[in-house]
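Take a look at the structure below.
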Amino acid sequence: MPERHVLIIDDEPELTNLLAYRLRKDAFFVRTASDGAQGLAAIDDGFDGIVLLDLRLPDADGLDLVEPIMARNADNRIIIMTAHGSIDAAIEATRRGAYDFVHKSEDLSRRIAVAVKNAFEHREMTSRVSSLEEEVSEKYHFGNIVARSPEMRKLFETLRHVIDSKVTVLLQGESGTGKELVARAIHYEGPRKRGPFVAVNCAGIPETLLESELFGHERGAFTGAIAAKKGRFELADGGTLFLDEIGEMPVHLQAKLLRVLQERKVERIGSAQLRPVDVRIISATHRNLMDMVKDGRFREDLYYRLAVFPVFLPPLRERVGDIALLASYFVEKACQEEKKSPRTLSPPAMRMLERHHYPGNVRELENIISHAVVVSTGSTVSISDLPLSLVDAVRGGGTQRADAPRELDADGNIEQSFEVMFQSLEEIPELERVETALIARALQLADGDVVQAAKALGMSRATIYRRIERLGGKEALVDPDGAHASDGG
Ligand SMILES: Nc1ncnc2c1ncn2[C@@H]1O[C@H](COP(=O)(O)OP(=O)(O)OP(=O)(O)O)[C@@H](O)[C@H]1O
Ligand SMILES: [Mg+2]
């Protein structure tokens with residue numbers, strides 16, 4: 001654990017000594033300052049930790065020190081010590097950047113010790129989170145591909161090796177995993193980017209037409225061939241030919257394709273002339289080509305020609321780390337496309353998205369988000385905006401990931417819980433009671449840390465402090481049976 005330093009800025013020596021004694025006992029390093037000038041000097045001197053700040057100092061109003069202290073070192077956390085229930089000043093202090101406040105009352109040293117410990121934990125957690133965020137938010141830019149999972153990072157690293165060469169790439173992966181996106185990225189990130197990118201969907205063109213589409217034909221080569229036509233191989237000269245759904249290619253064309261790949265020359269239908277072509281071949285399929293080879297449905301020699309550099313795109317459910325990033329990206333994209341004001345996903349909606357199994361992979365996620373953005377109003381996309389089919393799939397567990405976190409969704413299951421709890425109007429409690437109970441519960445769970453509780457409740461710090469004050473103070477809420485210390489000073 002790093003050294004934990006506390007600076008007490010207070011002009012009452014007795015109180016300062018008492019606090020310093022208590023905090024040192026808890027292994028904190030304590031410095032003291034008896035007025036504002038000394039306090040600021042200590043911070044200028046490099047102090048880094050928790051500052052206990054009295055609001056009434058001989059040379060300054062503590063309130064006016066909050067901003068200068070934070071300006072000197074934003075990692076510091078200020079805990080205000082107030083007397084005489086000066087709640088408004090304390091609230092103002094938190095508005096200016098103080099972390100917490102504690103009333104000067106009987107039990108002060110114990111409560112200060114707890115507040116200081118909480119503040120350190122918060123500080124250490126925030127610094128961990130921000131370094132983690134820096135680490136993971138480093139997105140890997142590769143064409144238009146959005147990803148940050150280790151699986152995709154590895155994939156991008158291997159792709160970097162093939163970009164500059166002409167090596168033939170075979171992309172395999174379930175439908176919607178981004179095979180076409182990767183094919184385009186390889187083309188547009190590489191030296192052929194000024195050349196054409198020509199895509200052929202082998203499943204989308206009738207078998208009778210596929211041959212002439214690929215290789216072209218001469219005039220009169222067959223009925224209807226009224227003019228000579230270049231095939232896609234020729235059209236892709238100098239660029240990239242993307243053979244999509246290569247697994248659907250009929251066996252007799254596989255033989256012809258193999259020949260072109262071997263000789264790098266094409267023969268139009270109805271012509272004996274061999275025309276050299278300079279193309280990079282990228283092919284893709286959602287099928288397991290090796291299985292097709294074993295079944296005799298795909299030529300083995302062609303397979304090895306195409307799979308010089310095989311790439312497997314993992315399904316989205318196996319790179320859960322990408323879901324949140326992709327979801328946010330698609331929300332932003334959909335807002336632009338739909339000309340809607342910018343909005344964000346609510347945390348429960350995000351959690352729900354992260355728990356889905358995505359048989360349709362990234363394409364499915366993109367469709368879900370487009371739908372949700374269209375029906376959403378205001379600045380948040382919440383669970384109620386998600387398609388019911390998704391909510392059912394996740395809740396019903398039919399396609400839910402086995403390792404999905406089992407948590408309640410605040411804007412979902414709470415309605416169901418209420419249905420169970422309250423069966424008649426007589427049983428409905430007053431709203432204020434529910435609020436009080438919820439605030440108290442949040443405070444208990446946060447170990448009395450008001451900032452954490454406010455965060456969980458989605459309340460501003462000023463609001464929660466006001467509520468707490470109205471409800472008789474934090475201690476009364478956290479420990480209603482305990483002695484309720486009176487303000488001293
Ligand atoms: N990592 C990603 N970042 C951003 N968009 C993505 C990503 N992966 C996929 N997409 C988007 O998801 C959709 C599906 O991707 P794509 O068409 O490349 O999938 P595919 O593997 O070719 O699917 P199919 O086998 O069904 O043809 C596209 O709109 C694509 O832009
Ligand atoms: Mg595709």
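Residues in the structure tokens are named by chain (A, B, ... in the order shown) and by number from 1 within that chain; ligands are numbered from 1 in the order shown.
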key: Non-local contacts of A:Asp48 (8 Å; only C-alpha atoms; under 6 positions in same chain excluded) as a ChimeraX atom specification   = /A:5,73,75-76
ask   = Do you know which residues are within 6 Å of ligand 1 using only C-alpha atoms and all ligand atoms? Can you write them as a PyMOL selection string?
value = chain A and resi 145-147+174-181+286+362-363
Take the residues just selected and output them with N, CA and C atoms as a PDB file, in the first residue's frame.
```pdb
ATOM      1  N   ILE A 145     -12.574  -0.585 -38.318  1.00  0.00           N
ATOM      2  CA  ILE A 145     -12.849  -1.600 -37.314  1.00  0.00           C
ATOM      3  C   ILE A 145     -12.702  -1.017 -35.925  1.00  0.00           C
ATOM      4  N   VAL A 146     -13.712  -1.216 -35.109  1.00  0.00           N
ATOM      5  CA  VAL A 146     -13.675  -0.741 -33.735  1.00  0.00           C
ATOM      6  C   VAL A 146     -13.482  -1.949 -32.836  1.00  0.00           C
ATOM      7  N   ALA A 147     -12.457  -1.937 -32.028  1.00  0.00           N
ATOM      8  CA  ALA A 147     -12.211  -3.075 -31.149  1.00  0.00           C
ATOM      9  C   ALA A 147     -11.191  -2.706 -30.101  1.00  0.00           C
ATOM     10  N   GLU A 174     -18.126 -16.535 -38.095  1.00  0.00           N
ATOM     11  CA  GLU A 174     -19.583 -16.566 -38.183  1.00  0.00           C
ATOM     12  C   GLU A 174     -20.108 -15.335 -38.912  1.00  0.00           C
ATOM     13  N   SER A 175     -21.331 -15.425 -39.321  1.00  0.00           N
ATOM     14  CA  SER A 175     -21.973 -14.310 -39.994  1.00  0.00           C
ATOM     15  C   SER A 175     -21.997 -13.074 -39.089  1.00  0.00           C
ATOM     16  N   GLY A 176     -21.642 -11.936 -39.667  1.00  0.00           N
ATOM     17  CA  GLY A 176     -21.722 -10.681 -38.914  1.00  0.00           C
ATOM     18  C   GLY A 176     -20.518 -10.385 -38.042  1.00  0.00           C
ATOM     19  N   THR A 177     -19.438 -11.155 -38.189  1.00  0.00           N
ATOM     20  CA  THR A 177     -18.271 -10.906 -37.329  1.00  0.00           C
ATOM     21  C   THR A 177     -17.357  -9.819 -37.903  1.00  0.00           C
ATOM     22  N   GLY A 178     -17.629  -9.385 -39.122  1.00  0.00           N
ATOM     23  CA  GLY A 178     -16.838  -8.294 -39.683  1.00  0.00           C
ATOM     24  C   GLY A 178     -15.854  -8.713 -40.764  1.00  0.00           C
ATOM     25  N   LYS A 179     -16.150  -9.801 -41.443  1.00  0.00           N
ATOM     26  CA  LYS A 179     -15.206 -10.306 -42.450  1.00  0.00           C
ATOM     27  C   LYS A 179     -15.032  -9.304 -43.589  1.00  0.00           C
ATOM     28  N   GLU A 180     -16.139  -8.768 -44.059  1.00  0.00           N
ATOM     29  CA  GLU A 180     -16.034  -7.813 -45.167  1.00  0.00           C
ATOM     30  C   GLU A 180     -15.309  -6.544 -44.722  1.00  0.00           C
ATOM     31  N   LEU A 181     -15.610  -6.122 -43.500  1.00  0.00           N
ATOM     32  CA  LEU A 181     -14.943  -4.941 -42.955  1.00  0.00           C
ATOM     33  C   LEU A 181     -13.422  -5.134 -42.926  1.00  0.00           C
ATOM     34  N   HIS A 286     -18.475 -18.064 -43.987  1.00  0.00           N
ATOM     35  CA  HIS A 286     -18.909 -18.358 -42.616  1.00  0.00           C
ATOM     36  C   HIS A 286     -18.880 -19.867 -42.385  1.00  0.00           C
ATOM     37  N   VAL A 362     -21.704  -8.901 -34.603  1.00  0.00           N
ATOM     38  CA  VAL A 362     -21.667  -7.434 -34.577  1.00  0.00           C
ATOM     39  C   VAL A 362     -22.844  -6.837 -35.367  1.00  0.00           C
ATOM     40  N   ARG A 363     -23.222  -7.492 -36.462  1.00  0.00           N
ATOM     41  CA  ARG A 363     -24.345  -6.977 -37.232  1.00  0.00           C
ATOM     42  C   ARG A 363     -25.609  -6.936 -36.359  1.00  0.00           C
TER      43      ARG A 363
END
```
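Residues lying within 7 Å of stretch 54-65 of chain A, counting only C-alpha atoms and ignoring same-chain neighbours fewer than 5 positions away, are Ile9, Asp10, Asp11, Asp35, Gly36, Ile80, Met81, Thr82 and Ala93 of chain A.
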Keeping only N, CA and C atoms, write the selected residues as a PDB file, in the first residue's frame.
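The result, written out as selection.pdb:
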```pdb
ATOM      1  N   ILE A   9      -5.637  21.109   8.578  1.00  0.00           N
ATOM      2  CA  ILE A   9      -5.542  22.572   8.635  1.00  0.00           C
ATOM      3  C   ILE A   9      -6.620  23.054   9.596  1.00  0.00           C
ATOM      4  N   ASP A  10      -6.188  23.390  10.802  1.00  0.00           N
ATOM      5  CA  ASP A  10      -7.141  23.791  11.849  1.00  0.00           C
ATOM      6  C   ASP A  10      -6.382  24.617  12.885  1.00  0.00           C
ATOM      7  N   ASP A  11      -7.062  25.589  13.473  1.00  0.00           N
ATOM      8  CA  ASP A  11      -6.363  26.447  14.428  1.00  0.00           C
ATOM      9  C   ASP A  11      -6.585  26.036  15.880  1.00  0.00           C
ATOM     10  N   ASP A  35      -3.064  27.562  10.078  1.00  0.00           N
ATOM     11  CA  ASP A  35      -3.873  28.522   9.325  1.00  0.00           C
ATOM     12  C   ASP A  35      -3.781  28.243   7.823  1.00  0.00           C
ATOM     13  N   GLY A  36      -4.515  29.030   7.063  1.00  0.00           N
ATOM     14  CA  GLY A  36      -4.603  28.787   5.630  1.00  0.00           C
ATOM     15  C   GLY A  36      -3.270  28.927   4.921  1.00  0.00           C
ATOM     16  N   ILE A  80     -14.059  18.487   4.707  1.00  0.00           N
ATOM     17  CA  ILE A  80     -14.365  19.702   5.459  1.00  0.00           C
ATOM     18  C   ILE A  80     -14.802  19.329   6.873  1.00  0.00           C
ATOM     19  N   MET A  81     -14.298  20.082   7.853  1.00  0.00           N
ATOM     20  CA  MET A  81     -14.781  19.895   9.223  1.00  0.00           C
ATOM     21  C   MET A  81     -15.625  21.112   9.565  1.00  0.00           C
ATOM     22  N   THR A  82     -16.893  20.877   9.855  1.00  0.00           N
ATOM     23  CA  THR A  82     -17.785  22.011  10.111  1.00  0.00           C
ATOM     24  C   THR A  82     -18.281  21.999  11.537  1.00  0.00           C
ATOM     25  N   ALA A  93     -18.874  23.929  -0.191  1.00  0.00           N
ATOM     26  CA  ALA A  93     -17.503  23.415  -0.298  1.00  0.00           C
ATOM     27  C   ALA A  93     -17.443  22.211  -1.240  1.00  0.00           C
TER      28      ALA A  93
END
```
inquiry  = DSSP on the backbone: which residues in stretch 238-399 of chain A end up as strand (DSSP E)? Give the answer as JSON, numbers by chain.
reply    = {"A": [240, 241, 242, 243, 244, 265, 266, 267, 274, 275, 276, 280, 281, 282, 283, 284, 285, 309, 310, 311, 312, 313, 344, 345, 380, 381]}
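With atom CA of A:Ala74 on one side and atom CA of A:Arg123 on the other, the separation reads 10.4 Å.
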task = Check stretch 169-417 of chain A with DSSP on the backbone and list each residue it calls helix (DSSP H, G or I), as a ChimeraX atom specification.
result = /A:179-189,207-215,232-235,246-248,251-263,289-294,300-306,316-318,320-337,347-355,361-375,383-385,388-396,413-417
message = Please list as a PyMOL selection string every residue within 12 Å of A:Glu435, counting only C-alpha atoms and excluding residues in the same chain fewer than 2 positions away.
response = chain A and resi 429-433+437-442+457+459+464+467-468+471+477
inquiry  = Residues within 12 Å of A:Met290, please, as a PyMOL selection string. Count only C-alpha atoms; anything in the same chain fewer than 2 positions from it doesn't count.
reply    = chain A and resi 170+172+247+285-288+292-304+306-307+310
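As for atom CA of A:Met352 and atom CA of A:Leu365, they are spaced 11.7 Å apart.
From atom CA of A:Ala221 back to atom CA of A:Ser271, the distance works out to 8.0 Å.
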key: Of the listed residues A:Leu316, A:Leu53, A:Leu258, A:Ala33, that which approaches A:Glu151 most closely, counting only C-alpha atoms   = A:Leu316
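Closest approach to A:Arg355 from the set A:Val374, A:Val320, A:Ala255, A:Leu326 is made by A:Val320, with distances taken over only C-alpha atoms.
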message = Need to verify the contact set: stretch 205-214 of chain A, 7 Å, only C-alpha atoms, exclusion of same-chain residues closer than 5 positions in sequence. Can you return it as a ChimeraX atom specification?
response = /A:231-233,253,269
With a cut-off of 12 Å, could you pull out the residues of stretch 17-113 of chain A touching stretch 449-454 of chain A and give me the nearest pair of atoms for each, distance in Å to one decimal, using only C-alpha atoms, ordered by chain and ascending number, as CSV?
```
residue,atom,partner,partner_atom,distance
A:Arg77,CA,A:Val451,CA,11.7
A:Ile79,CA,A:Val451,CA,11.5
A:Thr94,CA,A:Val451,CA,9.9
A:Gly97,CA,A:Val451,CA,11.7
A:Ala98,CA,A:Val451,CA,10.4
A:Tyr99,CA,A:Val451,CA,7.3
A:Asp100,CA,A:Val451,CA,7.1
A:Phe101,CA,A:Val450,CA,9.1
A:Val102,CA,A:Val450,CA,10.5
A:Arg111,CA,A:Asp449,CA,10.9
A:Ile112,CA,A:Asp449,CA,11.5
```
Mind writing the picked residues with C-alpha atoms as a PDB file, in the first residue's frame?
```pdb
ATOM      1  CA  ARG A  77      -9.172  14.932  -1.396  1.00  0.00           C
ATOM      2  CA  ILE A  79     -12.696  16.669   3.927  1.00  0.00           C
ATOM      3  CA  THR A  94     -18.399  20.151  -2.034  1.00  0.00           C
ATOM      4  CA  GLY A  97     -14.526  20.433  -5.139  1.00  0.00           C
ATOM      5  CA  ALA A  98     -14.327  19.167  -1.547  1.00  0.00           C
ATOM      6  CA  TYR A  99     -14.793  15.422  -1.275  1.00  0.00           C
ATOM      7  CA  ASP A 100     -16.746  15.041   1.966  1.00  0.00           C
ATOM      8  CA  PHE A 101     -17.551  16.799   5.184  1.00  0.00           C
ATOM      9  CA  VAL A 102     -17.851  15.784   8.797  1.00  0.00           C
ATOM     10  CA  ARG A 111     -15.692   9.510  12.186  1.00  0.00           C
ATOM     11  CA  ILE A 112     -12.755  11.415  10.760  1.00  0.00           C
TER      12      ILE A 112
END
```
inquiry  = Neighbouring residues of A:Leu388 were defined as those with any atom within 12 Å, considering only C-alpha atoms; residues of the same chain fewer than 5 positions away were excluded. Please report them as JSON, numbers by chain.
reply    = {"A": [352, 368, 371, 372, 383, 393, 394, 395, 396, 412]}
Can you spit out the residues from that selection as a short mmCIF file (atom, residue, chain, number, x, y, z; two decimals), in the first residue's frame, using C-alpha atoms?
```cif
data_model
loop_
_atom_site.label_atom_id
_atom_site.label_comp_id
_atom_site.auth_asym_id
_atom_site.auth_seq_id
_atom_site.Cartn_x
_atom_site.Cartn_y
_atom_site.Cartn_z
CA MET A 352 -27.96 -6.13 -20.63
CA ILE A 368 -30.28 -3.63 -31.92
CA HIS A 371 -33.65 0.20 -33.24
CA ALA A 372 -33.04 1.45 -29.71
CA ILE A 383 -33.54 -0.93 -21.26
CA ALA A 393 -33.32 -13.65 -24.63
CA VAL A 394 -31.11 -12.29 -21.86
CA ARG A 395 -33.62 -12.71 -19.05
CA GLY A 396 -35.01 -15.99 -20.30
CA GLY A 412 -35.74 -3.56 -15.20
#
```
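Ranking A:Ser328, A:Ser283, A:Thr32, A:Gln444 by their shortest atom-to-atom distance to ligand 2, with only C-alpha atoms and all ligand atoms included, puts A:Ser283 first.
Distance annotation: of A:Gly321, A:Gly448, A:Gly270, A:Gly190, the residue with the minimal separation from A:Gly143 is A:Gly190; atom set is only C-alpha atoms.
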